[in-house]
$ cat upload.cif   # mmCIF, C-alpha atoms
data_final
#
loop_
_atom_site.group_PDB
_atom_site.id
_atom_site.type_symbol
_atom_site.label_atom_id
_atom_site.label_comp_id
_atom_site.auth_asym_id
_atom_site.auth_seq_id
_atom_site.Cartn_x
_atom_site.Cartn_y
_atom_site.Cartn_z
ATOM 1 C CA MET A 96 -21.003 -4.620 -2.049
ATOM 2 C CA GLU A 97 -20.690 -3.249 1.506
ATOM 3 C CA LEU A 98 -17.013 -2.812 2.346
ATOM 4 C CA ALA A 99 -16.229 -2.104 5.996
ATOM 5 C CA ILE A 100 -12.799 -0.606 6.706
ATOM 6 C CA ARG A 101 -11.424 -0.263 10.217
ATOM 7 C CA LEU A 102 -8.168 0.290 12.067
ATOM 8 C CA MET A 103 -6.553 -2.969 13.144
ATOM 9 C CA ASN A 104 -6.428 -3.355 16.919
ATOM 10 C CA GLN A 105 -3.312 -4.340 18.838
ATOM 11 C CA GLU A 106 -4.640 -7.770 19.817
ATOM 12 C CA GLU A 107 -5.018 -8.875 16.197
ATOM 13 C CA GLN A 108 -2.387 -10.728 14.201
ATOM 14 C CA TRP A 109 -0.814 -8.958 11.217
ATOM 15 C CA PRO A 110 -2.508 -10.131 7.977
ATOM 16 C CA TYR A 111 0.733 -11.399 6.444
ATOM 17 C CA ASP A 112 -1.062 -13.147 3.568
ATOM 18 C CA LEU A 113 -2.121 -9.691 2.338
ATOM 19 C CA LEU A 114 0.919 -7.698 3.471
ATOM 20 C CA LEU A 115 3.293 -10.070 1.669
ATOM 21 C CA LEU A 116 1.097 -9.999 -1.432
ATOM 22 C CA ALA A 117 1.998 -6.316 -1.784
ATOM 23 C CA ASP A 118 5.577 -6.574 -0.476
ATOM 24 C CA PRO A 119 7.393 -9.942 -0.468
ATOM 25 C CA SER A 120 10.021 -8.842 2.082
ATOM 26 C CA LYS A 121 8.878 -9.892 5.555
ATOM 27 C CA PRO A 122 11.729 -7.954 7.265
ATOM 28 C CA LEU A 123 10.682 -4.736 5.486
ATOM 29 C CA VAL A 124 7.003 -5.369 6.230
ATOM 30 C CA ASP A 125 7.809 -6.042 9.902
ATOM 31 C CA GLU A 126 9.758 -2.788 10.090
ATOM 32 C CA TYR A 127 7.062 -0.495 8.740
ATOM 33 C CA VAL A 128 3.926 -2.111 10.180
ATOM 34 C CA ARG A 129 5.254 -1.557 13.700
ATOM 35 C CA ARG A 130 5.410 2.191 13.141
ATOM 36 C CA GLY A 131 2.295 2.530 11.025
ATOM 37 C CA HIS A 132 -1.465 2.290 11.128
ATOM 38 C CA CYS A 133 -2.875 -0.858 9.512
ATOM 39 C CA PHE A 134 -6.448 -0.711 8.227
ATOM 40 C CA LEU A 135 -8.432 -3.846 7.399
ATOM 41 C CA ALA A 136 -11.205 -4.133 4.816
ATOM 42 C CA TYR A 137 -14.006 -6.662 5.194
ATOM 43 C CA LEU A 138 -16.826 -7.882 2.991
ATOM 44 C CA ASN A 139 -19.268 -9.436 5.443
ATOM 45 C CA ASP A 140 -16.862 -11.266 7.768
ATOM 46 C CA GLU A 141 -14.153 -11.960 5.195
ATOM 47 C CA LEU A 142 -10.922 -9.966 5.266
ATOM 48 C CA VAL A 143 -10.437 -8.915 1.631
ATOM 49 C CA GLY A 144 -7.898 -6.090 1.791
ATOM 50 C CA GLU A 145 -5.661 -3.844 3.829
ATOM 51 C CA PHE A 146 -3.527 -0.724 3.731
ATOM 52 C CA VAL A 147 -0.802 0.654 5.977
ATOM 53 C CA LEU A 148 -0.092 4.348 6.530
ATOM 54 C CA ILE A 149 3.039 5.819 8.090
ATOM 55 C CA ARG A 150 4.010 9.404 8.759
ATOM 56 C CA THR A 151 7.242 10.049 6.844
ATOM 57 C CA ARG A 152 7.720 13.796 7.347
ATOM 58 C CA PRO A 153 5.737 16.597 8.943
ATOM 59 C CA GLU A 154 2.385 16.833 7.145
ATOM 60 C CA THR A 155 3.241 13.841 4.908
ATOM 61 C CA VAL A 156 1.773 10.339 5.093
ATOM 62 C CA GLU A 157 2.782 7.421 2.904
ATOM 63 C CA ILE A 158 0.710 4.424 1.898
ATOM 64 C CA VAL A 159 3.473 1.843 2.348
ATOM 65 C CA ASN A 160 1.388 -1.267 1.714
ATOM 66 C CA ILE A 161 -1.957 -1.842 0.062
ATOM 67 C CA ALA A 162 -3.398 -5.153 -1.093
ATOM 68 C CA VAL A 163 -6.602 -6.914 -2.097
ATOM 69 C CA LYS A 164 -6.961 -10.701 -1.966
ATOM 70 C CA GLU A 165 -6.415 -12.041 -5.456
ATOM 71 C CA ARG A 166 -9.931 -13.502 -5.822
ATOM 72 C CA TRP A 167 -11.408 -10.058 -5.039
ATOM 73 C CA GLN A 168 -9.185 -8.036 -7.368
ATOM 74 C CA GLY A 169 -10.741 -6.207 -10.313
ATOM 75 C CA ARG A 170 -13.943 -5.346 -8.413
ATOM 76 C CA GLY A 171 -13.152 -1.778 -7.325
ATOM 77 C CA ILE A 172 -11.927 -2.669 -3.838
ATOM 78 C CA GLY A 173 -8.429 -1.307 -4.519
ATOM 79 C CA THR A 174 -9.888 2.044 -5.546
ATOM 80 C CA ARG A 175 -11.976 2.151 -2.380
ATOM 81 C CA LEU A 176 -8.922 1.316 -0.272
ATOM 82 C CA VAL A 177 -6.862 4.095 -1.871
ATOM 83 C CA ARG A 178 -9.676 6.585 -1.304
ATOM 84 C CA ALA A 179 -10.070 5.428 2.314
ATOM 85 C CA ALA A 180 -6.308 5.833 2.830
ATOM 86 C CA ILE A 181 -6.530 9.400 1.491
ATOM 87 C CA GLU A 182 -9.373 10.149 3.929
ATOM 88 C CA GLU A 183 -7.389 8.686 6.831
ATOM 89 C CA ALA A 184 -4.417 10.855 5.814
ATOM 90 C CA ARG A 185 -6.706 13.894 5.974
ATOM 91 C CA LYS A 186 -7.776 12.857 9.490
ATOM 92 C CA LEU A 187 -4.073 12.757 10.404
ATOM 93 C CA GLN A 188 -3.921 16.357 9.097
ATOM 94 C CA ALA A 189 -1.527 15.437 6.307
ATOM 95 C CA LYS A 190 -1.137 17.825 3.413
ATOM 96 C CA THR A 191 0.600 15.276 1.187
ATOM 97 C CA VAL A 192 0.048 11.555 0.570
ATOM 98 C CA GLU A 193 2.781 9.538 -1.110
ATOM 99 C CA ILE A 194 2.914 6.027 -2.523
ATOM 100 C CA GLY A 195 5.435 3.970 -4.463
ATOM 101 C CA THR A 196 5.194 0.982 -6.767
ATOM 102 C CA GLY A 197 7.458 -1.100 -8.937
ATOM 103 C CA ASN A 198 8.331 -0.008 -12.457
ATOM 104 C CA SER A 199 6.265 -2.922 -13.825
ATOM 105 C CA GLY A 200 3.146 -2.133 -11.749
ATOM 106 C CA PHE A 201 1.044 -0.891 -14.651
ATOM 107 C CA LYS A 202 -2.290 -1.670 -12.949
ATOM 108 C CA GLN A 203 -1.140 0.048 -9.766
ATOM 109 C CA LEU A 204 0.135 3.114 -11.649
ATOM 110 C CA LYS A 205 -3.203 3.392 -13.445
ATOM 111 C CA LEU A 206 -5.148 3.037 -10.184
ATOM 112 C CA TYR A 207 -3.085 5.614 -8.291
ATOM 113 C CA GLN A 208 -3.282 8.159 -11.102
ATOM 114 C CA LYS A 209 -7.057 7.652 -11.393
ATOM 115 C CA CYS A 210 -7.209 8.503 -7.676
ATOM 116 C CA GLY A 211 -5.364 11.792 -8.278
ATOM 117 C CA PHE A 212 -1.743 10.859 -7.605
ATOM 118 C CA ARG A 213 0.972 12.237 -9.887
ATOM 119 C CA ILE A 214 4.364 10.749 -10.608
ATOM 120 C CA CYS A 215 6.998 12.754 -8.764
ATOM 121 C CA GLY A 216 10.114 10.656 -9.139
ATOM 122 C CA VAL A 217 11.826 7.330 -9.600
ATOM 123 C CA ASP A 218 14.050 5.619 -7.029
ATOM 124 C CA ILE A 219 16.466 3.874 -9.389
ATOM 125 C CA ASP A 220 17.394 0.291 -8.390
ATOM 126 C CA PHE A 221 15.290 0.446 -5.188
ATOM 127 C CA PHE A 222 14.243 -3.205 -5.496
ATOM 128 C CA ILE A 223 17.749 -4.363 -6.390
ATOM 129 C CA ARG A 224 19.185 -2.598 -3.305
ATOM 130 C CA ASN A 225 16.477 -3.675 -0.850
ATOM 131 C CA TYR A 226 15.499 -7.222 -1.856
ATOM 132 C CA ASP A 227 17.698 -10.325 -1.810
ATOM 133 C CA GLU A 228 15.998 -12.026 -4.756
ATOM 134 C CA GLU A 229 15.067 -10.689 -8.161
ATOM 135 C CA LEU A 230 11.393 -9.775 -8.419
ATOM 136 C CA TYR A 231 9.304 -10.050 -11.581
ATOM 137 C CA GLU A 232 5.827 -8.866 -12.521
ATOM 138 C CA GLU A 233 4.189 -9.415 -15.894
ATOM 139 C CA GLY A 234 7.522 -10.840 -17.124
ATOM 140 C CA ILE A 235 9.394 -7.621 -16.296
ATOM 141 C CA GLN A 236 12.078 -7.430 -13.622
ATOM 142 C CA ILE A 237 11.094 -4.964 -10.913
ATOM 143 C CA LYS A 238 14.128 -2.738 -10.449
ATOM 144 C CA ASP A 239 12.943 0.814 -9.832
ATOM 145 C CA MET A 240 10.316 2.307 -7.541
ATOM 146 C CA VAL A 241 8.011 4.828 -9.200
ATOM 147 C CA ARG A 242 7.077 7.457 -6.605
ATOM 148 C CA LEU A 243 3.701 9.240 -6.704
ATOM 149 C CA ARG A 244 2.283 12.109 -4.665
ATOM 150 C CA LEU A 245 -1.124 13.619 -3.995
ATOM 151 C CA GLU A 246 -1.437 17.106 -2.526
ATOM 152 C CA LEU A 247 -4.506 17.392 -0.288
#
$ encode --input "upload.cif" --output "structure tokens"
Amino acid sequence: MELAIRLMNQEEQWPYDLLLLADPSKPLVDEYVRRGHCFLAYLNDELVGEFVLIRTRPETVEIVNIAVKERWQGRGIGTRLVRAAIEEARKLQAKTVEIGTGNSGFKQLKLYQKCGFRICGVDIDFFIRNYDEELYEEGIQIKDMVRLRLEL
């Protein structure tokens, strides 16, 4: 499976179907994609995934959005996207990569830890404070953001 990942160019439309799969708040997505770098992943000519990096502090980059189309999930594409994001962070001369996920994101937590990230904190009630509607995953209300970090 040949996955091609490239930086989105300014003439392209934001891939909202994927961005909103990872983050259902369009206002939040709009805010961070404008100040970040969006990378697109293709299998042949089909867009199957994306990730967005932003610089949050000196020498720190955060993966603020990462998604794989549902029909392509479970095939290792997410792992390849996380690893590509880490490599792009290195190119940006970051020393630290951060990522956050909901308290119910068991698959995401497993993926990020397999890629070397370590839990470094919890932002209590993040999703309650920042989202108008209640969010659920796997029957669990998403309330807290679990923060993870990878030192390069």
$ residues_around --input "upload.cif" --residues "A:Arg242" --least-positions-apart "5" --cutoff "8 Å" --atoms "only C-alpha atoms" --output "ChimeraX atom specification"
/A:193-196,214-218
$ residues_around --input "upload.cif" --residues "A:Leu102" --least-positions-apart "5" --cutoff "9 Å" --atoms "only C-alpha atoms" --output "PyMOL selection string"
chain A and resi 132-135
$ residues_around --input "upload.cif" --residues "stretch 219-225 of chain A" --least-positions-apart "5" --cutoff "9 Å" --atoms "only C-alpha atoms" --output "list in words"
Ser120, Leu123, Gly197, Leu230, Ile237, Lys238, Asp239, Met240 and Val241 of chain A
$ residues_near_point --input "upload.cif" --point "(4.2, 14.1, -3.9)" --cutoff "7 Å" --atoms "only C-alpha atoms" --output "mmCIF file with C-alpha atoms, keeping the file's coordinate frame"
data_model
loop_
_atom_site.group_PDB
_atom_site.id
_atom_site.type_symbol
_atom_site.label_atom_id
_atom_site.label_comp_id
_atom_site.auth_asym_id
_atom_site.auth_seq_id
_atom_site.Cartn_x
_atom_site.Cartn_y
_atom_site.Cartn_z
ATOM 1 C CA THR A 191 0.600 15.276 1.187
ATOM 2 C CA VAL A 192 0.048 11.555 0.570
ATOM 3 C CA GLU A 193 2.781 9.538 -1.110
ATOM 4 C CA CYS A 215 6.998 12.754 -8.764
ATOM 5 C CA LEU A 243 3.701 9.240 -6.704
ATOM 6 C CA ARG A 244 2.283 12.109 -4.665
ATOM 7 C CA LEU A 245 -1.124 13.619 -3.995
ATOM 8 C CA GLU A 246 -1.437 17.106 -2.526
#
$ atom_distance --input "upload.cif" --atom1 "atom CA of A:Ala117" --atom2 "atom CA of A:Glu228"
15.4 Å
$ atom_distance --input "upload.cif" --atom1 "atom CA of A:Arg213" --atom2 "atom CA of A:Lys190"
14.6 Å
$ resolve_selection --input "upload.cif" --expression "the PyMOL selection byres ((chain A and resi 110) around 12)" --output "compact mmCIF listing (two decimals) with C-alpha atoms, in the coordinates of the input"
# COMPACT_ATOMS: atom_id res chain seq x y z
CA MET A 103 -6.55 -2.97 13.14
CA ASN A 104 -6.43 -3.36 16.92
CA GLU A 107 -5.02 -8.88 16.20
CA GLN A 108 -2.39 -10.73 14.20
CA TRP A 109 -0.81 -8.96 11.22
CA TYR A 111 0.73 -11.40 6.44
CA ASP A 112 -1.06 -13.15 3.57
CA LEU A 113 -2.12 -9.69 2.34
CA LEU A 114 0.92 -7.70 3.47
CA LEU A 115 3.29 -10.07 1.67
CA LEU A 116 1.10 -10.00 -1.43
CA ALA A 117 2.00 -6.32 -1.78
CA LYS A 121 8.88 -9.89 5.56
CA VAL A 124 7.00 -5.37 6.23
CA ASP A 125 7.81 -6.04 9.90
CA VAL A 128 3.93 -2.11 10.18
CA CYS A 133 -2.88 -0.86 9.51
CA PHE A 134 -6.45 -0.71 8.23
CA LEU A 135 -8.43 -3.85 7.40
CA ALA A 136 -11.20 -4.13 4.82
CA LEU A 142 -10.92 -9.97 5.27
CA VAL A 143 -10.44 -8.91 1.63
CA GLY A 144 -7.90 -6.09 1.79
CA GLU A 145 -5.66 -3.84 3.83
CA PHE A 146 -3.53 -0.72 3.73
CA VAL A 147 -0.80 0.65 5.98
CA ASN A 160 1.39 -1.27 1.71
CA ILE A 161 -1.96 -1.84 0.06
CA ALA A 162 -3.40 -5.15 -1.09
CA VAL A 163 -6.60 -6.91 -2.10
CA LYS A 164 -6.96 -10.70 -1.97
$ closest_residue --input "upload.cif" --among "A:Ile235, A:Leu176, A:Leu148, A:Leu187" --to "A:Leu98" --atoms "all atoms listed in the file"
A:Leu176
$ atom_distance --input "upload.cif" --atom1 "atom CA of A:Arg130" --atom2 "atom CA of A:Ala184"
15.0 Å
$ axis_aligned_box --input "upload.cif" --around "stretch 164-167 of chain A" --padding-each-side "8 Å" --output "JSON"
{"center_x": -8.9, "center_y": -11.8, "center_z": -3.9, "size_x": 21.0, "size_y": 19.4, "size_z": 19.9}
$ closest_residue --input "upload.cif" --among "A:Arg170, A:Lys186, A:Arg129, A:Arg178" --to "A:Glu154" --atoms "all atoms listed in the file"
A:Lys186
$ closest_residue --input "upload.cif" --among "A:Leu138, A:Cys210, A:Ile149, A:Leu204" --to "A:Glu183" --atoms "all atoms listed in the file"
A:Ile149
$ closest_residue --input "upload.cif" --among "A:Thr151, A:Thr174, A:Gln236, A:Ala99" --to "A:Asn139" --atoms "only C-alpha atoms"
A:Ala99
$ closest_residue --input "upload.cif" --among "A:Asp227, A:Glu233, A:Glu126, A:Glu182" --to "A:Phe201" --atoms "only C-alpha atoms"
A:Glu233
$ closest_residue --input "upload.cif" --among "A:Asp118, A:Arg185, A:Ala179, A:Asp140" --to "A:Thr155" --atoms "all atoms listed in the file"
A:Arg185
$ decode --input "upload.cif" --residues "stretch 150-166 of chain A" --atoms "N, CA, C and O atoms" --output "PDB file, in the first residue's frame"
ATOM      1  N   ARG A 150       2.809  25.201  15.572  1.00  0.00           N
ATOM      2  CA  ARG A 150       3.853  25.502  16.551  1.00  0.00           C
ATOM      3  C   ARG A 150       3.147  26.145  17.750  1.00  0.00           C
ATOM      4  O   ARG A 150       2.406  27.114  17.588  1.00  0.00           O
ATOM      5  N   THR A 151       3.330  25.566  18.929  1.00  0.00           N
ATOM      6  CA  THR A 151       2.647  26.080  20.121  1.00  0.00           C
ATOM      7  C   THR A 151       3.567  26.892  21.021  1.00  0.00           C
ATOM      8  O   THR A 151       3.117  27.813  21.683  1.00  0.00           O
ATOM      9  N   ARG A 152       4.825  26.513  21.064  1.00  0.00           N
ATOM     10  CA  ARG A 152       5.844  27.213  21.857  1.00  0.00           C
ATOM     11  C   ARG A 152       7.162  27.051  21.126  1.00  0.00           C
ATOM     12  O   ARG A 152       7.262  26.226  20.225  1.00  0.00           O
ATOM     13  N   PRO A 153       8.185  27.800  21.527  1.00  0.00           N
ATOM     14  CA  PRO A 153       9.485  27.567  20.884  1.00  0.00           C
ATOM     15  C   PRO A 153       9.879  26.091  21.024  1.00  0.00           C
ATOM     16  O   PRO A 153       9.740  25.505  22.097  1.00  0.00           O
ATOM     17  N   GLU A 154      10.288  25.508  19.913  1.00  0.00           N
ATOM     18  CA  GLU A 154      10.760  24.130  19.843  1.00  0.00           C
ATOM     19  C   GLU A 154       9.684  23.086  20.145  1.00  0.00           C
ATOM     20  O   GLU A 154       9.988  21.925  20.400  1.00  0.00           O
ATOM     21  N   THR A 155       8.403  23.495  20.117  1.00  0.00           N
ATOM     22  CA  THR A 155       7.303  22.559  20.365  1.00  0.00           C
ATOM     23  C   THR A 155       6.279  22.658  19.241  1.00  0.00           C
ATOM     24  O   THR A 155       5.857  23.749  18.861  1.00  0.00           O
ATOM     25  N   VAL A 156       5.901  21.487  18.718  1.00  0.00           N
ATOM     26  CA  VAL A 156       4.885  21.381  17.678  1.00  0.00           C
ATOM     27  C   VAL A 156       3.794  20.468  18.215  1.00  0.00           C
ATOM     28  O   VAL A 156       4.073  19.493  18.908  1.00  0.00           O
ATOM     29  N   GLU A 157       2.550  20.803  17.895  1.00  0.00           N
ATOM     30  CA  GLU A 157       1.438  19.951  18.306  1.00  0.00           C
ATOM     31  C   GLU A 157       0.705  19.417  17.090  1.00  0.00           C
ATOM     32  O   GLU A 157       0.463  20.153  16.127  1.00  0.00           O
ATOM     33  N   ILE A 158       0.381  18.135  17.144  1.00  0.00           N
ATOM     34  CA  ILE A 158      -0.520  17.534  16.160  1.00  0.00           C
ATOM     35  C   ILE A 158      -1.921  17.864  16.675  1.00  0.00           C
ATOM     36  O   ILE A 158      -2.376  17.291  17.660  1.00  0.00           O
ATOM     37  N   VAL A 159      -2.588  18.828  16.027  1.00  0.00           N
ATOM     38  CA  VAL A 159      -3.883  19.280  16.535  1.00  0.00           C
ATOM     39  C   VAL A 159      -5.055  18.573  15.870  1.00  0.00           C
ATOM     40  O   VAL A 159      -6.196  18.693  16.342  1.00  0.00           O
ATOM     41  N   ASN A 160      -4.795  17.855  14.788  1.00  0.00           N
ATOM     42  CA  ASN A 160      -5.860  17.130  14.107  1.00  0.00           C
ATOM     43  C   ASN A 160      -5.200  16.022  13.309  1.00  0.00           C
ATOM     44  O   ASN A 160      -4.188  16.251  12.644  1.00  0.00           O
ATOM     45  N   ILE A 161      -5.767  14.841  13.402  1.00  0.00           N
ATOM     46  CA  ILE A 161      -5.272  13.713  12.612  1.00  0.00           C
ATOM     47  C   ILE A 161      -6.459  12.781  12.384  1.00  0.00           C
ATOM     48  O   ILE A 161      -7.213  12.498  13.314  1.00  0.00           O
ATOM     49  N   ALA A 162      -6.652  12.372  11.129  1.00  0.00           N
ATOM     50  CA  ALA A 162      -7.806  11.532  10.827  1.00  0.00           C
ATOM     51  C   ALA A 162      -7.535  10.657   9.616  1.00  0.00           C
ATOM     52  O   ALA A 162      -6.772  11.027   8.720  1.00  0.00           O
ATOM     53  N   VAL A 163      -8.201   9.506   9.615  1.00  0.00           N
ATOM     54  CA  VAL A 163      -8.191   8.566   8.497  1.00  0.00           C
ATOM     55  C   VAL A 163      -9.649   8.293   8.156  1.00  0.00           C
ATOM     56  O   VAL A 163     -10.476   8.077   9.056  1.00  0.00           O
ATOM     57  N   LYS A 164      -9.976   8.314   6.863  1.00  0.00           N
ATOM     58  CA  LYS A 164     -11.345   7.995   6.445  1.00  0.00           C
ATOM     59  C   LYS A 164     -11.754   6.677   7.083  1.00  0.00           C
ATOM     60  O   LYS A 164     -10.968   5.730   7.146  1.00  0.00           O
ATOM     61  N   GLU A 165     -12.994   6.618   7.515  1.00  0.00           N
ATOM     62  CA  GLU A 165     -13.470   5.455   8.263  1.00  0.00           C
ATOM     63  C   GLU A 165     -13.243   4.137   7.523  1.00  0.00           C
ATOM     64  O   GLU A 165     -12.835   3.150   8.130  1.00  0.00           O
ATOM     65  N   ARG A 166     -13.477   4.103   6.222  1.00  0.00           N
ATOM     66  CA  ARG A 166     -13.327   2.829   5.486  1.00  0.00           C
ATOM     67  C   ARG A 166     -11.870   2.388   5.379  1.00  0.00           C
ATOM     68  O   ARG A 166     -11.596   1.241   5.041  1.00  0.00           O
TER      69      ARG A 166
END
